[in-house]
$ cat upload-v5.txt   # compact mmCIF, C-alpha atoms
# COMPACT_ATOMS: atom_id res chain seq x y z
CA MET A 254 3.12 -25.09 -3.69
CA ASN A 255 2.63 -22.24 -1.25
CA PRO A 256 -0.48 -20.32 -2.41
CA HIS A 257 1.07 -17.07 -1.19
CA GLN A 258 3.98 -17.40 -3.64
CA VAL A 259 1.84 -15.78 -6.34
CA THR A 260 1.38 -12.78 -4.03
CA ARG A 261 5.15 -12.53 -3.56
CA ASP A 262 5.62 -12.81 -7.34
CA PHE A 263 3.06 -10.05 -7.85
CA GLU A 264 4.76 -7.83 -5.27
CA GLN A 265 8.14 -8.28 -6.97
CA ALA A 266 6.68 -7.58 -10.42
CA VAL A 267 4.99 -4.37 -9.19
CA ALA A 268 8.16 -3.22 -7.40
CA THR A 269 10.13 -3.73 -10.61
CA TYR A 270 7.50 -1.98 -12.74
CA CYS A 271 7.07 0.99 -10.39
CA GLY A 272 10.74 1.35 -9.44
CA SER A 273 10.58 0.59 -5.72
CA ARG A 274 12.71 -1.91 -3.85
CA TYR A 275 9.69 -3.48 -2.13
CA ALA A 276 5.93 -3.76 -2.56
CA VAL A 277 3.52 -4.98 0.13
CA ALA A 278 0.19 -6.16 -1.29
CA VAL A 279 -2.98 -5.62 0.73
CA ASN A 280 -6.71 -5.75 0.03
CA SER A 281 -7.19 -2.01 -0.68
CA CYS A 282 -5.38 1.30 -0.92
CA THR A 283 -7.27 2.34 2.23
CA ALA A 284 -5.64 -0.59 4.05
CA ALA A 285 -2.26 0.39 2.60
CA LEU A 286 -2.71 3.92 3.97
CA LEU A 287 -3.84 2.54 7.36
CA ILE A 288 -0.75 0.33 7.65
CA ALA A 289 1.61 3.11 6.52
CA CYS A 290 0.04 5.51 9.03
CA ALA A 291 0.17 2.93 11.84
CA TYR A 292 3.80 2.12 11.02
CA HIS A 293 4.74 5.82 11.22
CA GLU A 294 2.62 6.29 14.37
CA VAL A 295 1.06 9.39 12.87
CA ASP A 296 -0.13 12.30 14.97
CA GLU A 297 -1.62 15.21 13.03
CA VAL A 298 -1.79 14.55 9.29
CA GLU A 299 -2.65 17.14 6.68
CA ILE A 300 -4.46 16.01 3.52
CA PRO A 301 -6.41 17.72 0.72
CA ARG A 302 -9.99 18.60 1.59
CA LEU A 303 -11.24 16.93 -1.59
CA THR A 304 -10.11 13.31 -1.38
CA TYR A 305 -11.58 9.89 -0.70
CA VAL A 306 -13.12 9.51 2.77
CA GLY A 307 -11.07 6.36 3.38
CA VAL A 308 -7.88 8.43 3.58
CA GLY A 309 -9.11 10.34 6.61
CA GLN A 310 -10.49 7.15 8.14
CA SER A 311 -7.11 5.45 7.73
CA ILE A 312 -5.45 8.30 9.62
CA LEU A 313 -8.05 8.19 12.39
CA ASN A 314 -7.92 4.39 12.68
CA ALA A 315 -4.13 4.57 12.99
CA GLY A 316 -4.54 6.93 15.96
CA GLY A 317 -3.91 10.21 14.16
CA ARG A 318 -5.86 13.41 13.67
CA VAL A 319 -6.86 14.86 10.31
CA LYS A 320 -6.21 18.42 9.22
CA PHE A 321 -7.46 19.55 5.81
CA ARG A 322 -5.74 21.78 3.29
CA ASN A 323 -7.03 23.37 0.10
CA GLU A 324 -5.15 21.69 -2.70
CA LEU A 325 -6.08 20.71 -6.20
CA TRP A 326 -4.24 17.49 -6.85
CA GLN A 327 -4.01 14.98 -9.65
CA GLY A 328 -2.80 11.40 -9.35
CA ALA A 329 -1.04 11.59 -6.00
CA TYR A 330 -0.38 13.75 -2.94
CA ARG A 331 1.59 13.57 0.30
CA LEU A 332 0.13 13.03 3.77
CA GLU A 333 2.04 15.88 5.40
CA PRO A 334 4.39 15.85 7.27
CA TYR A 335 4.93 12.11 6.81
CA PRO A 336 6.69 10.27 3.97
CA ILE A 337 3.38 8.69 2.95
CA ILE A 338 1.91 9.29 -0.49
CA ASP A 339 -1.64 8.52 -1.56
CA ALA A 340 -1.21 7.47 -5.19
CA ALA A 341 -4.55 5.69 -5.55
CA ARG A 342 -5.16 7.48 -8.85
CA ARG A 343 -1.72 6.81 -10.31
CA PHE A 344 -0.02 3.66 -11.56
CA THR A 345 2.81 3.73 -14.06
CA SER A 346 6.37 2.60 -14.59
CA LYS A 347 9.10 4.15 -12.44
CA MET A 348 6.57 6.19 -10.46
CA TYR A 349 8.04 5.42 -7.03
CA GLN A 350 9.51 8.33 -5.07
CA PRO A 351 12.49 7.14 -2.98
CA GLY A 352 12.22 7.42 0.79
CA THR A 353 8.43 7.23 0.84
CA MET A 354 5.66 4.75 1.43
CA MET A 355 3.63 5.22 -1.73
CA CYS A 356 0.17 3.67 -1.44
CA VAL A 357 -1.52 2.61 -4.67
CA SER A 358 -4.86 1.11 -5.62
CA ILE A 359 -5.58 -1.78 -7.95
CA HIS A 360 -9.35 -1.54 -7.53
CA ILE A 361 -11.43 -2.35 -10.62
CA SER A 362 -11.91 1.36 -11.37
CA LYS A 363 -8.15 2.05 -11.43
CA ILE A 364 -5.38 1.57 -14.02
CA LEU A 365 -4.39 -1.93 -12.87
CA GLY A 366 -8.03 -2.78 -12.20
CA VAL A 367 -8.88 -6.10 -10.57
CA ASP A 368 -11.56 -6.95 -8.00
CA GLN A 369 -9.82 -5.13 -5.17
CA GLY A 370 -6.39 -4.45 -3.78
CA GLY A 371 -3.67 -2.01 -2.93
CA LEU A 372 0.05 -1.87 -2.36
CA ILE A 373 2.63 -0.03 -0.31
CA LEU A 374 5.66 0.74 -2.46
CA HIS A 375 8.76 1.48 -0.38
CA ASP A 376 12.53 1.06 -0.15
CA ASP A 377 13.08 0.35 3.57
CA PRO A 378 14.52 -3.13 4.32
CA GLU A 379 13.74 -2.79 8.04
CA ALA A 380 10.12 -1.76 7.44
CA ASP A 381 9.37 -4.50 4.89
CA PRO A 382 8.98 -7.46 7.28
CA VAL A 383 7.05 -5.30 9.75
CA LEU A 384 4.63 -4.08 7.07
CA LYS A 385 4.12 -7.67 5.90
CA GLN A 386 3.35 -8.75 9.46
CA MET A 387 0.97 -5.83 9.93
CA ARG A 388 -1.07 -6.87 6.86
CA PHE A 389 -1.34 -10.46 8.12
CA ASP A 390 -2.99 -9.86 11.52
CA GLY A 391 0.36 -8.96 13.08
CA ARG A 392 1.68 -12.45 12.31
CA THR A 393 4.55 -13.72 10.21
CA GLU A 394 3.36 -15.61 7.14
CA GLY A 395 4.23 -19.30 7.38
CA VAL A 396 5.18 -19.21 11.08
CA HIS A 397 3.06 -21.16 13.56
CA PRO A 398 1.37 -18.74 16.01
CA LYS A 399 3.02 -20.45 19.00
CA LYS A 400 6.44 -19.69 17.52
CA ASP A 401 5.72 -16.21 16.19
CA THR A 402 6.44 -12.74 17.54
CA PHE A 403 3.44 -10.52 16.98
CA THR A 404 3.21 -6.85 16.08
CA ARG A 405 0.23 -4.54 15.71
CA GLY A 406 -1.74 -5.98 12.84
CA PHE A 407 -4.72 -5.80 10.56
CA HIS A 408 -6.53 -8.47 8.56
CA CYS A 409 -5.89 -7.09 5.09
CA TYR A 410 -3.61 -9.36 3.10
CA LEU A 411 -4.27 -9.68 -0.63
CA SER A 412 -5.76 -13.05 -1.50
CA PRO A 413 -3.63 -15.21 -3.81
CA SER A 414 -6.42 -15.42 -6.40
CA VAL A 415 -6.59 -11.62 -6.72
CA ALA A 416 -2.78 -11.44 -6.81
CA ALA A 417 -2.79 -13.92 -9.70
CA GLN A 418 -5.34 -11.84 -11.64
CA ALA A 419 -3.36 -8.66 -10.98
CA LEU A 420 -0.06 -10.28 -11.99
CA TRP A 421 -1.59 -11.35 -15.30
CA LYS A 422 -3.11 -7.91 -15.89
CA LEU A 423 0.19 -6.19 -15.01
CA SER A 424 1.81 -8.13 -17.85
CA THR A 425 -0.63 -6.47 -20.29
CA LEU A 426 -0.08 -2.86 -19.20
CA PRO A 427 1.82 -0.50 -21.46
CA ARG A 428 5.34 0.41 -20.42
CA HIS A 429 4.13 3.83 -19.25
CA ASN A 430 0.69 5.24 -18.38
CA LYS A 431 -0.14 8.94 -18.50

$ encode --input "upload-v5.txt" --output "structure tokens"
Amino acid sequence: MNPHQVTRDFEQAVATYCGSRYAVAVNSCTAALLIACAYHEVDEVEIPRLTYVGVGQSILNAGGRVKFRNELWQGAYRLEPYPIIDAARRFTSKMYQPGTMMCVSIHISKILGVDQGGLILHDDPEADPVLKQMRFDGRTEGVHPKKDTFTRGFHCYLSPSVAAQALWKLSTLPRHNK
């Protein structure tokens, strides 16, 4: 059996639960934001002044610049002007907003709390294989490096053991979380 199948099963289960077409599992919401920002080749990104430091670092590490805005937010907010949403504090059924890359956290302190992890929820069939390569060091999972075409990448895939824990925990969540 391919050990990464459980990760694919987890991604499909989350996509179904949250209402997105695709889900790309990574090792943290910060990594999800980094990949989404790198994919969109961000320039200047505006975020709330009061947010997690990793959001700004993701923007900077993707080559962008951070601009702060005064905003009281709860659960999720948009990285303006891009279709990227930081939803690290939100996880519920049918939460996905079409046309976006919604980044969620499954860290132990969050609703679907396991050791670590994050996801990019999206609906773009062209972006999906690219995002999956980006999370796996720019490589295609299961393709020998000599036969692969590489893209910009980061070492942030979700380990199969964490995906298995998260898949089990997802099955215990209520249909909807406030």

$ atom_distance --input "upload-v5.txt" --atom1 "atom CA of Val259 of chain A" --atom2 "atom CA of Ser273 of chain A"
18.6 Å

$ closest_residue --input "upload-v5.txt" --among "A:Met387, A:Val367, A:Leu372, A:Leu423" --to "Ile288 of chain A" --atoms "all atoms listed in the file"
A:Met387

$ residues_near_point --input "upload-v5.txt" --point "(10.2, -15.3, 11.4)" --cutoff "12 Å" --atoms "all atoms listed in the file" --output "list of chain:residue names"
A:Pro382, A:Val383, A:Lys385, A:Gln386, A:Gly391, A:Arg392, A:Thr393, A:Glu394, A:Gly395, A:Val396, A:His397, A:Pro398, A:Lys399, A:Lys400, A:Asp401, A:Thr402, A:Phe403, A:Thr404

$ residues_around --input "upload-v5.txt" --residues "segment 318-326 of chain A" --least-positions-apart "3" --cutoff "12 Å" --atoms "all atoms listed in the file" --output "ChimeraX atom specification"
/A:290,294-304,306-315,329-334,339-343

$ atom_distance --input "upload-v5.txt" --atom1 "atom CA of Tyr270 of chain A" --atom2 "atom CA of Ser346 of chain A"
5.1 Å

$ closest_residue --input "upload-v5.txt" --among "A:Ala417, A:Cys409, A:Leu384, A:Ile338" --to "Ser281 of chain A" --atoms "all atoms listed in the file"
A:Cys409

$ closest_residue --input "upload-v5.txt" --among "A:Gln265, A:Leu365, A:Met348, A:Pro336" --to "Tyr292 of chain A" --atoms "only C-alpha atoms"
A:Pro336

$ residues_around --input "upload-v5.txt" --residues "segment 357-364 of chain A" --least-positions-apart "2" --cutoff "12 Å" --atoms "all atoms listed in the file" --output "mmCIF file with C-alpha atoms, keeping the file's coordinate frame"
data_model
loop_
_atom_site.group_PDB
_atom_site.id
_atom_site.type_symbol
_atom_site.label_atom_id
_atom_site.label_comp_id
_atom_site.auth_asym_id
_atom_site.auth_seq_id
_atom_site.Cartn_x
_atom_site.Cartn_y
_atom_site.Cartn_z
ATOM 1 C CA PHE A 263 3.060 -10.050 -7.850
ATOM 2 C CA VAL A 267 4.990 -4.370 -9.190
ATOM 3 C CA ALA A 268 8.160 -3.220 -7.400
ATOM 4 C CA CYS A 271 7.070 0.990 -10.390
ATOM 5 C CA ALA A 276 5.930 -3.760 -2.560
ATOM 6 C CA VAL A 277 3.520 -4.980 0.130
ATOM 7 C CA ALA A 278 0.190 -6.160 -1.290
ATOM 8 C CA VAL A 279 -2.980 -5.620 0.730
ATOM 9 C CA ASN A 280 -6.710 -5.750 0.030
ATOM 10 C CA SER A 281 -7.190 -2.010 -0.680
ATOM 11 C CA CYS A 282 -5.380 1.300 -0.920
ATOM 12 C CA THR A 283 -7.270 2.340 2.230
ATOM 13 C CA ALA A 284 -5.640 -0.590 4.050
ATOM 14 C CA ALA A 285 -2.260 0.390 2.600
ATOM 15 C CA LEU A 286 -2.710 3.920 3.970
ATOM 16 C CA ALA A 289 1.610 3.110 6.520
ATOM 17 C CA VAL A 308 -7.880 8.430 3.580
ATOM 18 C CA GLY A 328 -2.800 11.400 -9.350
ATOM 19 C CA ALA A 329 -1.040 11.590 -6.000
ATOM 20 C CA TYR A 330 -0.380 13.750 -2.940
ATOM 21 C CA ILE A 337 3.380 8.690 2.950
ATOM 22 C CA ILE A 338 1.910 9.290 -0.490
ATOM 23 C CA ASP A 339 -1.640 8.520 -1.560
ATOM 24 C CA ALA A 340 -1.210 7.470 -5.190
ATOM 25 C CA ALA A 341 -4.550 5.690 -5.550
ATOM 26 C CA ARG A 342 -5.160 7.480 -8.850
ATOM 27 C CA ARG A 343 -1.720 6.810 -10.310
ATOM 28 C CA PHE A 344 -0.020 3.660 -11.560
ATOM 29 C CA THR A 345 2.810 3.730 -14.060
ATOM 30 C CA SER A 346 6.370 2.600 -14.590
ATOM 31 C CA MET A 348 6.570 6.190 -10.460
ATOM 32 C CA TYR A 349 8.040 5.420 -7.030
ATOM 33 C CA MET A 354 5.660 4.750 1.430
ATOM 34 C CA MET A 355 3.630 5.220 -1.730
ATOM 35 C CA GLY A 366 -8.030 -2.780 -12.200
ATOM 36 C CA VAL A 367 -8.880 -6.100 -10.570
ATOM 37 C CA ASP A 368 -11.560 -6.950 -8.000
ATOM 38 C CA GLN A 369 -9.820 -5.130 -5.170
ATOM 39 C CA GLY A 370 -6.390 -4.450 -3.780
ATOM 40 C CA GLY A 371 -3.670 -2.010 -2.930
ATOM 41 C CA LEU A 372 0.050 -1.870 -2.360
ATOM 42 C CA ILE A 373 2.630 -0.030 -0.310
ATOM 43 C CA LEU A 374 5.660 0.740 -2.460
ATOM 44 C CA HIS A 375 8.760 1.480 -0.380
ATOM 45 C CA LEU A 411 -4.270 -9.680 -0.630
ATOM 46 C CA VAL A 415 -6.590 -11.620 -6.720
ATOM 47 C CA ALA A 416 -2.780 -11.440 -6.810
ATOM 48 C CA GLN A 418 -5.340 -11.840 -11.640
ATOM 49 C CA ALA A 419 -3.360 -8.660 -10.980
ATOM 50 C CA LEU A 420 -0.060 -10.280 -11.990
ATOM 51 C CA LYS A 422 -3.110 -7.910 -15.890
ATOM 52 C CA LEU A 423 0.190 -6.190 -15.010
ATOM 53 C CA THR A 425 -0.630 -6.470 -20.290
ATOM 54 C CA LEU A 426 -0.080 -2.860 -19.200
ATOM 55 C CA PRO A 427 1.820 -0.500 -21.460
ATOM 56 C CA HIS A 429 4.130 3.830 -19.250
ATOM 57 C CA ASN A 430 0.690 5.240 -18.380
ATOM 58 C CA LYS A 431 -0.140 8.940 -18.500
#

$ atom_distance --input "upload-v5.txt" --atom1 "atom CA of Thr260 of chain A" --atom2 "atom CA of Pro413 of chain A"
5.6 Å

$ build_atoms --input "upload-v5.txt" --residues "segment 284-295 of chain A" --atoms "all heavy atoms" --output "tab-separated table (two decimals), in the coordinates of the input"
chain	number	residue	atom	x	y	z
A	284	ALA	N	-6.41	0.24	3.12
A	284	ALA	CA	-5.64	-0.59	4.05
A	284	ALA	C	-4.16	-0.25	3.96
A	284	ALA	O	-3.46	-0.23	4.98
A	284	ALA	CB	-5.88	-2.07	3.77
A	285	ALA	N	-3.66	0.00	2.76
A	285	ALA	CA	-2.26	0.39	2.60
A	285	ALA	C	-1.97	1.67	3.37
A	285	ALA	O	-0.96	1.78	4.07
A	285	ALA	CB	-1.93	0.57	1.11
A	286	LEU	N	-2.87	2.65	3.24
A	286	LEU	CA	-2.71	3.92	3.97
A	286	LEU	C	-2.78	3.70	5.48
A	286	LEU	O	-2.00	4.28	6.24
A	286	LEU	CB	-3.76	4.92	3.52
A	286	LEU	CG	-3.55	5.48	2.12
A	286	LEU	CD1	-4.84	6.11	1.59
A	286	LEU	CD2	-2.41	6.48	2.09
A	287	LEU	N	-3.70	2.85	5.93
A	287	LEU	CA	-3.84	2.54	7.36
A	287	LEU	C	-2.53	1.95	7.89
A	287	LEU	O	-2.01	2.39	8.93
A	287	LEU	CB	-4.99	1.57	7.59
A	287	LEU	CG	-5.09	0.96	8.99
A	287	LEU	CD1	-5.33	2.02	10.04
A	287	LEU	CD2	-6.19	-0.10	9.01
A	288	ILE	N	-1.98	0.98	7.19
A	288	ILE	CA	-0.75	0.33	7.65
A	288	ILE	C	0.42	1.31	7.64
A	288	ILE	O	1.21	1.37	8.59
A	288	ILE	CB	-0.45	-0.92	6.80
A	288	ILE	CG1	-1.48	-2.01	7.11
A	288	ILE	CG2	0.96	-1.43	7.06
A	288	ILE	CD1	-1.40	-3.21	6.20
A	289	ALA	N	0.53	2.12	6.58
A	289	ALA	CA	1.61	3.11	6.52
A	289	ALA	C	1.48	4.12	7.66
A	289	ALA	O	2.48	4.48	8.30
A	289	ALA	CB	1.60	3.81	5.17
A	290	CYS	N	0.26	4.56	7.93
A	290	CYS	CA	0.04	5.51	9.03
A	290	CYS	C	0.33	4.87	10.38
A	290	CYS	O	0.95	5.50	11.25
A	290	CYS	CB	-1.39	6.05	8.98
A	290	CYS	SG	-1.71	7.23	7.66
A	291	ALA	N	-0.09	3.62	10.57
A	291	ALA	CA	0.17	2.93	11.84
A	291	ALA	C	1.68	2.71	12.01
A	291	ALA	O	2.21	2.88	13.12
A	291	ALA	CB	-0.58	1.60	11.88
A	292	TYR	N	2.35	2.34	10.95
A	292	TYR	CA	3.80	2.12	11.02
A	292	TYR	C	4.52	3.40	11.44
A	292	TYR	O	5.44	3.38	12.27
A	292	TYR	CB	4.34	1.64	9.67
A	292	TYR	CG	5.83	1.42	9.69
A	292	TYR	CD1	6.37	0.25	10.21
A	292	TYR	CD2	6.71	2.40	9.24
A	292	TYR	CE1	7.75	0.05	10.27
A	292	TYR	CE2	8.08	2.22	9.29
A	292	TYR	CZ	8.59	1.05	9.81
A	292	TYR	OH	9.95	0.87	9.87
A	293	HIS	N	4.10	4.53	10.90
A	293	HIS	CA	4.74	5.82	11.22
A	293	HIS	C	4.19	6.45	12.49
A	293	HIS	O	4.64	7.53	12.88
A	293	HIS	CB	4.59	6.79	10.05
A	293	HIS	CG	5.52	6.48	8.92
A	293	HIS	ND1	6.87	6.72	8.98
A	293	HIS	CD2	5.30	5.92	7.71
A	293	HIS	CE1	7.44	6.34	7.86
A	293	HIS	NE2	6.51	5.85	7.07
A	294	GLU	N	3.22	5.77	13.13
A	294	GLU	CA	2.62	6.29	14.37
A	294	GLU	C	2.24	7.75	14.21
A	294	GLU	O	2.68	8.63	14.97
A	294	GLU	CB	3.56	6.07	15.55
A	294	GLU	CG	3.84	4.61	15.82
A	294	GLU	CD	4.80	4.36	16.96
A	294	GLU	OE1	5.50	5.31	17.41
A	294	GLU	OE2	4.85	3.21	17.43
A	295	VAL	N	1.41	8.01	13.20
A	295	VAL	CA	1.06	9.39	12.87
A	295	VAL	C	0.36	10.11	14.01
A	295	VAL	O	-0.31	9.51	14.83
A	295	VAL	CB	0.18	9.45	11.59
A	295	VAL	CG1	0.93	8.89	10.40
A	295	VAL	CG2	-1.15	8.74	11.79
